[in-house]
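K.L.:
One file: coords-v2.txt (compact mmCIF, C-alpha atoms and all ligand atoms).
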```txt
# COMPACT_ATOMS: atom_id res chain seq x y z
CA MET A 1 -35.71 65.91 -5.44
CA VAL A 2 -36.09 64.15 -8.79
CA THR A 3 -38.25 65.78 -11.45
CA GLU A 4 -40.95 63.47 -12.80
CA GLY A 5 -40.87 65.05 -16.27
CA LEU A 6 -38.20 62.74 -17.65
CA LYS A 7 -39.57 59.44 -16.32
CA GLY A 8 -39.76 56.87 -19.11
CA LYS A 9 -37.74 58.96 -21.59
CA ASP A 10 -35.15 57.14 -23.71
CA TYR A 11 -31.58 58.47 -23.70
CA ILE A 12 -30.31 57.29 -27.09
CA SER A 13 -28.75 60.53 -28.29
CA THR A 14 -28.21 63.87 -26.57
CA GLN A 15 -29.89 65.23 -29.70
CA ASP A 16 -33.18 63.67 -28.49
CA TRP A 17 -33.13 65.81 -25.33
CA SER A 18 -33.77 69.55 -25.18
CA LYS A 19 -31.10 71.81 -23.73
CA GLU A 20 -33.35 72.35 -20.69
CA GLU A 21 -33.57 68.58 -20.14
CA LEU A 22 -29.79 68.23 -20.46
CA GLU A 23 -29.35 71.15 -18.03
CA GLU A 24 -31.54 69.29 -15.52
CA LEU A 25 -29.42 66.16 -16.05
CA LEU A 26 -26.19 68.09 -15.42
CA ARG A 27 -27.60 69.84 -12.38
CA PHE A 28 -28.77 66.56 -10.92
CA ALA A 29 -25.44 64.82 -11.66
CA SER A 30 -23.66 67.55 -9.67
CA GLU A 31 -26.13 67.09 -6.81
CA LEU A 32 -25.49 63.33 -6.80
CA LYS A 33 -21.72 63.90 -6.90
CA ASP A 34 -22.01 66.12 -3.85
CA LYS A 35 -24.26 63.64 -2.02
CA LYS A 36 -21.87 60.76 -2.69
CA LYS A 37 -18.89 62.78 -1.41
CA LYS A 38 -20.79 63.73 1.77
CA GLY A 39 -22.14 60.21 2.32
CA ILE A 40 -25.75 61.37 2.00
CA PRO A 41 -28.00 58.45 0.91
CA HIS A 42 -29.72 58.94 -2.44
CA ARG A 43 -31.73 55.79 -3.12
CA TYR A 44 -33.83 57.17 -5.95
CA CYS A 45 -34.15 53.80 -7.74
CA GLN A 46 -34.96 51.57 -4.79
CA ASP A 47 -35.82 47.98 -5.84
CA LYS A 48 -35.51 48.86 -9.54
CA THR A 49 -33.69 46.74 -12.11
CA ILE A 50 -31.70 47.86 -15.14
CA PHE A 51 -30.55 45.40 -17.82
CA LEU A 52 -27.13 46.16 -19.32
CA LEU A 53 -26.71 44.50 -22.73
CA PHE A 54 -23.15 44.54 -24.00
CA PHE A 55 -22.18 43.63 -27.57
CA ASP A 56 -18.67 44.99 -26.83
CA LYS A 57 -16.18 45.28 -23.99
CA SER A 58 -16.26 47.99 -21.32
CA THR A 59 -14.64 49.11 -18.09
CA ARG A 60 -16.01 52.59 -17.31
CA THR A 61 -19.49 52.40 -18.77
CA ARG A 62 -20.39 49.01 -17.33
CA ASN A 63 -19.04 49.81 -13.88
CA ALA A 64 -20.43 53.34 -13.73
CA PHE A 65 -23.89 51.90 -14.35
CA GLU A 66 -23.48 48.86 -12.09
CA ALA A 67 -22.02 50.83 -9.18
CA GLY A 68 -24.43 53.67 -9.89
CA ILE A 69 -27.61 51.63 -9.70
CA THR A 70 -26.40 49.97 -6.49
CA GLN A 71 -25.84 53.42 -4.93
CA LEU A 72 -29.35 54.38 -6.08
CA GLY A 73 -30.82 51.37 -4.28
CA GLY A 74 -31.47 49.24 -7.34
CA HIS A 75 -29.80 46.38 -9.16
CA ALA A 76 -28.16 45.76 -12.56
CA HIS A 77 -28.19 42.58 -14.61
CA TYR A 78 -25.13 42.43 -16.85
CA ILE A 79 -25.93 40.59 -20.09
CA ASP A 80 -23.01 39.52 -22.25
CA VAL A 81 -24.76 39.21 -25.58
CA GLN A 82 -22.55 36.25 -26.53
CA THR A 83 -24.00 34.17 -23.69
CA SER A 84 -27.62 35.23 -24.28
CA GLN A 85 -30.16 34.11 -26.89
CA ILE A 86 -29.40 37.32 -28.83
CA ALA A 87 -26.32 35.44 -30.06
CA HIS A 88 -28.68 32.77 -31.46
CA GLY A 89 -30.62 35.45 -33.33
CA GLU A 90 -33.42 36.46 -30.94
CA ASN A 91 -34.72 39.72 -32.33
CA ALA A 92 -34.92 43.23 -30.84
CA LYS A 93 -38.72 43.13 -30.52
CA ASP A 94 -38.80 39.99 -28.38
CA THR A 95 -35.79 41.08 -26.34
CA GLY A 96 -37.26 44.54 -25.73
CA ILE A 97 -40.74 43.36 -24.74
CA ILE A 98 -39.52 40.61 -22.44
CA LEU A 99 -36.77 42.52 -20.62
CA SER A 100 -39.03 45.50 -20.15
CA SER A 101 -41.60 43.24 -18.49
CA TYR A 102 -38.94 42.18 -15.95
CA GLY A 103 -37.42 45.53 -15.00
CA HIS A 104 -37.30 49.30 -15.25
CA ALA A 105 -34.71 50.19 -17.95
CA ILE A 106 -32.67 48.59 -20.73
CA ALA A 107 -29.20 49.94 -21.50
CA ILE A 108 -27.26 48.80 -24.55
CA ARG A 109 -23.73 49.01 -25.97
CA HIS A 110 -23.67 48.07 -29.67
CA ASP A 111 -20.93 50.17 -31.25
CA LEU A 112 -18.73 48.18 -33.58
CA VAL A 113 -20.77 47.96 -36.79
CA PRO A 114 -21.69 51.19 -38.61
CA GLY A 115 -25.40 51.18 -39.43
CA GLU A 116 -26.41 48.65 -36.77
CA GLY A 117 -26.15 49.76 -33.14
CA ASN A 118 -28.33 52.86 -33.14
CA ALA A 119 -30.97 51.13 -35.28
CA TYR A 120 -30.99 48.15 -32.88
CA MET A 121 -31.50 50.41 -29.85
CA ARG A 122 -34.28 52.33 -31.50
CA GLU A 123 -36.00 49.05 -32.40
CA ILE A 124 -35.73 47.86 -28.79
CA ALA A 125 -37.12 51.24 -27.69
CA ARG A 126 -40.07 50.87 -30.10
CA TRP A 127 -41.22 47.75 -28.26
CA ALA A 128 -39.97 48.26 -24.70
CA GLU A 129 -42.21 49.96 -22.14
CA VAL A 130 -39.21 51.13 -20.14
CA PRO A 131 -36.54 53.72 -21.01
CA VAL A 132 -33.69 52.64 -23.28
CA ILE A 133 -30.24 54.09 -22.58
CA ASN A 134 -27.46 54.16 -25.18
CA LEU A 135 -24.18 52.93 -23.66
CA GLN A 136 -22.43 53.63 -27.00
CA CYS A 137 -23.59 52.93 -30.51
CA ASP A 138 -22.19 53.49 -33.98
CA ILE A 139 -23.40 57.13 -33.99
CA ASP A 140 -23.24 58.55 -30.47
CA HIS A 141 -21.87 57.87 -26.98
CA PRO A 142 -24.20 60.13 -25.00
CA THR A 143 -23.33 58.82 -21.53
CA GLN A 144 -19.70 59.74 -22.27
CA THR A 145 -20.24 63.17 -23.80
CA ILE A 146 -22.53 64.39 -21.03
CA ALA A 147 -19.79 63.47 -18.50
CA ASP A 148 -17.31 65.35 -20.70
CA LEU A 149 -19.55 68.42 -20.69
CA MET A 150 -19.86 68.21 -16.90
CA THR A 151 -16.06 68.06 -16.65
CA ILE A 152 -15.58 71.05 -18.96
CA ARG A 153 -18.08 73.09 -16.95
CA GLU A 154 -16.39 72.17 -13.69
CA ARG A 155 -13.19 73.68 -15.12
CA PHE A 156 -14.46 76.64 -17.14
CA GLY A 157 -17.91 77.42 -15.67
CA THR A 158 -21.29 77.30 -17.38
CA ASN A 159 -20.62 80.06 -19.92
CA LEU A 160 -18.43 78.34 -22.51
CA ARG A 161 -18.95 80.91 -25.25
CA GLY A 162 -15.71 81.84 -27.00
CA LEU A 163 -13.84 78.72 -25.90
CA ARG A 164 -12.24 76.60 -28.63
CA MET A 165 -12.45 72.82 -28.33
CA VAL A 166 -10.41 70.53 -30.58
CA VAL A 167 -11.75 67.08 -31.43
CA SER A 168 -8.86 65.40 -33.17
CA TRP A 169 -8.08 61.99 -34.57
CA ALA A 170 -4.96 60.38 -33.04
CA TYR A 171 -2.87 57.40 -34.06
CA THR A 172 -3.16 53.91 -32.62
CA PRO A 173 -2.08 50.56 -34.05
CA SER A 174 -4.50 48.65 -31.77
CA TYR A 175 -8.00 48.37 -33.35
CA ALA A 176 -10.58 50.40 -35.27
CA LYS A 177 -12.48 52.33 -32.62
CA PRO A 178 -16.06 53.57 -33.16
CA LEU A 179 -16.76 57.06 -34.46
CA SER A 180 -19.33 57.64 -31.74
CA VAL A 181 -17.22 59.68 -29.30
CA PRO A 182 -16.06 62.37 -31.76
CA GLN A 183 -19.51 62.41 -33.34
CA GLY A 184 -21.23 62.69 -29.98
CA LEU A 185 -18.96 65.62 -29.06
CA LEU A 186 -19.80 67.32 -32.36
CA LEU A 187 -23.50 66.94 -31.67
CA LEU A 188 -23.47 68.11 -28.06
CA MET A 189 -20.78 70.75 -27.53
CA PRO A 190 -22.00 73.44 -29.97
CA ARG A 191 -25.38 73.39 -28.18
CA PHE A 192 -23.58 74.54 -25.02
CA GLY A 193 -21.62 77.36 -26.63
CA LEU A 194 -18.25 75.82 -27.57
CA ASP A 195 -16.55 76.54 -30.88
CA LEU A 196 -15.26 73.28 -32.35
CA VAL A 197 -12.28 72.42 -34.52
CA VAL A 198 -12.39 68.90 -35.95
CA ALA A 199 -9.07 67.51 -37.18
CA HIS A 200 -8.45 64.21 -38.96
CA PRO A 201 -6.53 62.74 -41.89
CA LYS A 202 -8.71 62.72 -44.97
CA GLU A 203 -9.49 58.98 -44.81
CA PHE A 204 -10.82 59.17 -41.24
CA LYS A 205 -13.93 61.22 -41.90
CA LEU A 206 -17.06 61.21 -39.75
CA MET A 207 -20.61 60.36 -40.86
CA PRO A 208 -21.90 63.14 -43.17
CA GLU A 209 -25.40 63.03 -41.66
CA VAL A 210 -23.97 63.64 -38.17
CA ILE A 211 -21.87 66.55 -39.43
CA GLU A 212 -24.99 68.11 -40.96
CA ILE A 213 -26.85 67.98 -37.63
CA ALA A 214 -23.79 69.33 -35.81
CA LYS A 215 -23.54 72.25 -38.26
CA GLN A 216 -27.24 72.98 -37.75
CA ASN A 217 -26.71 72.94 -33.97
CA ALA A 218 -23.79 75.33 -34.42
CA ARG A 219 -25.86 77.73 -36.55
CA GLU A 220 -28.72 77.70 -34.03
CA ASN A 221 -26.32 78.47 -31.18
CA ASN A 222 -24.10 80.99 -33.00
CA VAL A 223 -20.89 79.00 -32.68
CA ASN A 224 -18.37 77.79 -35.27
CA ILE A 225 -17.33 74.35 -36.45
CA GLU A 226 -14.16 74.15 -38.56
CA PHE A 227 -12.58 71.10 -40.20
CA THR A 228 -8.89 70.60 -40.90
CA ASP A 229 -6.46 67.80 -41.80
CA ASN A 230 -3.68 69.46 -39.77
CA MET A 231 -3.46 68.54 -36.08
CA LYS A 232 -1.00 71.34 -35.25
CA ASP A 233 -3.20 74.02 -36.81
CA ALA A 234 -6.12 72.67 -34.82
CA PHE A 235 -4.26 72.79 -31.50
CA ALA A 236 -3.06 76.38 -31.95
CA GLY A 237 -4.87 78.54 -29.38
CA ALA A 238 -7.15 75.74 -28.16
CA ASP A 239 -8.77 75.79 -24.72
CA ILE A 240 -9.75 72.11 -24.71
CA VAL A 241 -8.12 69.30 -26.67
CA TYR A 242 -9.69 65.86 -27.12
CA PRO A 243 -7.41 63.78 -29.36
CA LYS A 244 -8.43 60.15 -29.84
CA SER A 245 -8.33 57.40 -32.39
CA TRP A 246 -11.23 56.25 -34.54
CA GLY A 247 -11.64 53.93 -37.51
CA VAL A 248 -12.34 54.33 -41.21
CA LEU A 249 -16.09 54.45 -41.82
CA GLU A 250 -15.98 52.28 -44.94
CA LEU A 251 -13.47 49.77 -43.51
CA PHE A 252 -15.00 48.45 -40.28
CA ASP A 253 -15.30 45.05 -41.97
CA LYS A 254 -11.67 45.25 -43.15
CA PRO A 255 -9.76 46.18 -39.96
CA GLN A 256 -6.32 45.35 -41.34
CA GLU A 257 -6.79 47.82 -44.21
CA ALA A 258 -7.87 50.51 -41.75
CA LEU A 259 -4.85 49.88 -39.52
CA ALA A 260 -2.55 50.01 -42.56
CA LEU A 261 -3.98 53.44 -43.42
CA ALA A 262 -3.43 54.63 -39.83
CA GLU A 263 0.28 53.76 -40.14
CA LYS A 264 0.64 56.76 -42.49
CA TYR A 265 -0.31 59.09 -39.65
CA LYS A 266 1.89 58.03 -36.72
CA GLU A 267 2.79 61.65 -36.02
CA TRP A 268 -0.83 62.35 -34.96
CA ARG A 269 0.09 61.98 -31.28
CA CYS A 270 -0.61 64.37 -28.41
CA ASP A 271 2.75 65.13 -26.79
CA GLU A 272 4.11 68.08 -24.79
CA GLY A 273 5.03 69.90 -28.01
CA MET A 274 1.44 69.70 -29.18
CA MET A 275 0.13 70.88 -25.79
CA LYS A 276 2.43 73.93 -26.00
CA LEU A 277 0.51 75.01 -29.10
CA ALA A 278 -2.68 75.18 -27.05
CA ARG A 279 -3.38 77.90 -24.49
CA GLU A 280 -1.64 77.72 -21.14
CA HIS A 281 -4.90 76.96 -19.34
CA ALA A 282 -5.89 74.27 -21.90
CA ILE A 283 -7.13 70.91 -20.68
CA TYR A 284 -6.39 67.50 -22.18
CA MET A 285 -9.38 65.14 -22.40
CA HIS A 286 -9.83 61.51 -23.43
CA CYS A 287 -12.77 59.17 -22.89
CA LEU A 288 -10.32 56.31 -22.09
CA PRO A 289 -8.97 53.77 -22.58
CA ALA A 290 -6.11 55.73 -24.17
CA ASP A 291 -3.29 54.12 -26.11
CA ARG A 292 -0.36 55.53 -24.14
CA GLY A 293 2.70 56.10 -26.30
CA ASN A 294 0.65 56.28 -29.49
CA GLU A 295 -2.42 58.50 -29.09
CA VAL A 296 -0.81 60.38 -26.19
CA THR A 297 2.43 60.45 -24.23
CA ASP A 298 2.56 59.64 -20.51
CA GLU A 299 3.79 63.19 -19.85
CA VAL A 300 0.55 64.64 -21.21
CA ILE A 301 -2.01 62.16 -19.89
CA ASP A 302 -0.36 62.14 -16.45
CA GLY A 303 0.40 65.87 -16.58
CA ALA A 304 -1.20 68.89 -14.92
CA GLN A 305 -3.43 69.69 -17.91
CA SER A 306 -5.04 66.25 -18.03
CA VAL A 307 -8.57 65.84 -16.64
CA VAL A 308 -9.07 62.22 -17.71
CA TYR A 309 -9.72 60.83 -14.23
CA GLN A 310 -12.22 63.58 -13.46
CA GLU A 311 -13.97 62.73 -16.74
CA ALA A 312 -14.01 59.04 -15.84
CA GLU A 313 -15.37 59.78 -12.37
CA ASN A 314 -18.09 61.96 -13.84
CA ARG A 315 -19.27 58.92 -15.84
CA LEU A 316 -20.60 57.61 -12.50
CA HIS A 317 -22.46 60.75 -11.46
CA THR A 318 -24.01 61.34 -14.88
CA ALA A 319 -24.98 57.65 -15.24
CA LYS A 320 -26.76 57.87 -11.88
CA ALA A 321 -28.54 61.06 -12.92
CA ILE A 322 -29.72 59.45 -16.19
CA MET A 323 -31.06 56.40 -14.34
CA ALA A 324 -32.68 58.32 -11.50
CA LEU A 325 -34.36 60.77 -13.89
CA THR A 326 -35.63 58.24 -16.43
CA MET A 327 -36.36 55.03 -14.44
N1 LIG B 401 -15.07 55.62 -22.24
C1 LIG B 401 -15.69 54.41 -22.22
O1 LIG B 401 -16.80 54.26 -22.75
O2 LIG B 401 -15.01 53.45 -21.56
P1 LIG B 401 -15.36 51.90 -21.57
O3 LIG B 401 -15.20 51.42 -23.00
O4 LIG B 401 -14.38 51.27 -20.64
O5 LIG B 401 -16.78 51.72 -21.13
```
In structure tokens, how does this file's structure come out?
P.N.:
Amino acid sequence: MVTEGLKGKDYISTQDWSKEELEELLRFASELKDKKKKGIPHRYCQDKTIFLLFFDKSTRTRNAFEAGITQLGGHAHYIDVQTSQIAHGENAKDTGIILSSYGHAIAIRHDLVPGEGNAYMREIARWAEVPVINLQCDIDHPTQTIADLMTIRERFGTNLRGLRMVVSWAYTPSYAKPLSVPQGLLLLMPRFGLDLVVAHPKEFKLMPEVIEIAKQNARENNVNIEFTDNMKDAFAGADIVYPKSWGVLELFDKPQEALALAEKYKEWRCDEGMMKLAREHAIYMHCLPADRGNEVTDEVIDGAQSVVYQEAENRLHTAKAIMALTM
């Protein structure tokens, strides 16, 4: 049974949805997970089309949505922005109106330029008559963080009060990754009872306006958010650790400078020594792709505390729930 109350609603940030709406999304994702495992058909989006606009690369997000809509009885059109008229400058208004006249939802990844992606999605949503889904922007990655929350609840239950989650920067020499995963975790997790510790070297700060909203969420839900520039302090006594790389807010147009700064912090890696600082039952999380050997050692990501494949699988079930509820 799909509730009709969320039909047509955009999913651009978890912050735009009430806790009750997010609870319904999580409940429905679990139902869909169960139905898929039992082979029970669940064609809630029969004959419906979703457009997937990608300004950036993807493995999990693209395929969770493509496989997901197929399982729901619908169809996805993958649009590589570089081979569409968007690359020639067609604006958000025209793109939004036209695609929404062809189908039933528009989903967008536009994550590499601070100040652009979220604004672009909201402009599409202003003109589109169908729901707009954020597949990762400069501010939030709400289809990732809801799968993370599902994974945490599968391990620890629905009452997360008193548990300490670490969102930590980690070293990579590869490329400047968006801030949207750590920021999305900051926005969402305090609303569901987790205490957060945010750790990063001083140059790798998050957007101040996001931190303000996260602090407000924490106050409203009687949980704590702490900030530190010491990864070991952050890991001490943690129940959940989520160490990953992100870029320097002011240097997304100067990637070499950002990577040079990261070189100062090579020791920010999640290895077995770091995991020993956390509690024995602690879980290791990462949205993937992880930079093995830099952000995390093989022993940790392949070890007993890692839940990364469960997280990745839950991308499918939550993506299906978002589509079935909103389309
Ligand atoms: N975690 C995540 O968004 O993965 P992709 O970049 O592969 O979509």
K.L.:
Please tell me which residues are no farther than 8 Å from (-5.3, 63.5, -37.3) in the file, counting all atoms listed in the file, and write them as a PyMOL selection string.
P.N.:
chain A and resi 168-171+199-201+229-231+265+268
K.L.:
Have a look at A:Asp148, A:Glu299, A:Asp195, A:Glu209 and name the one nearest to ligand LIG 401 (chain B); count all atoms listed in the file.
P.N.:
A:Asp148
K.L.:
Select, counting all atoms listed in the file, all protein, DNA and RNA residues no farther than 6 Å from (-36.3, 53.6, -16.0) in file coordinates, and express the selection as a compact mmCIF listing (two decimals) with C-alpha atoms, in the frame of the given file.
P.N.:
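Dumped to part-v2.txt:
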```
# COMPACT_ATOMS: atom_id res chain seq x y z
CA GLY A 8 -39.76 56.87 -19.11
CA HIS A 104 -37.30 49.30 -15.25
CA ALA A 105 -34.71 50.19 -17.95
CA VAL A 130 -39.21 51.13 -20.14
CA PRO A 131 -36.54 53.72 -21.01
CA THR A 326 -35.63 58.24 -16.43
CA MET A 327 -36.36 55.03 -14.44
```
K.L.:
Counting all atoms listed in the file, give me one row per residue of stretch 86-169 of chain A with an atom at most 6 Å from an atom of stretch 179-192 of chain A, showing the shortest contact pair and its distance in Å to one decimal, sorted by chain then residue number, as a Markdown table.
P.N.:
```
| residue | atom | partner | partner_atom | distance |
| --- | --- | --- | --- | --- |
| A:Asp138 | CA | A:Ser180 | CA | 5.5 |
| A:Ile139 | CA | A:Ser180 | CA | 4.7 |
| A:Asp140 | CA | A:Ser180 | CA | 4.2 |
| A:His141 | CA | A:Ser180 | CA | 5.4 |
| A:Thr145 | CA | A:Leu185 | CA | 5.9 |
```
K.L.:
Give one line per residue of stretch 42-67 of chain A that approaches stretch 311-316 of chain A to at most 12 Å, naming the two atoms of the closest pair and their distance in Å to one decimal, counting only C-alpha atoms; sort by chain then ascending residue number and deliver it as JSON lines.
P.N.:
```
{"residue": "A:Thr59", "atom": "CA", "partner": "A:Ala312", "partner_atom": "CA", "distance": 10.2}
{"residue": "A:Arg60", "atom": "CA", "partner": "A:Ala312", "partner_atom": "CA", "distance": 6.9}
{"residue": "A:Thr61", "atom": "CA", "partner": "A:Arg315", "partner_atom": "CA", "distance": 7.2}
{"residue": "A:Arg62", "atom": "CA", "partner": "A:Leu316", "partner_atom": "CA", "distance": 9.9}
{"residue": "A:Asn63", "atom": "CA", "partner": "A:Leu316", "partner_atom": "CA", "distance": 8.1}
{"residue": "A:Ala64", "atom": "CA", "partner": "A:Leu316", "partner_atom": "CA", "distance": 4.4}
{"residue": "A:Phe65", "atom": "CA", "partner": "A:Leu316", "partner_atom": "CA", "distance": 6.8}
{"residue": "A:Glu66", "atom": "CA", "partner": "A:Leu316", "partner_atom": "CA", "distance": 9.2}
{"residue": "A:Ala67", "atom": "CA", "partner": "A:Leu316", "partner_atom": "CA", "distance": 7.7}
```
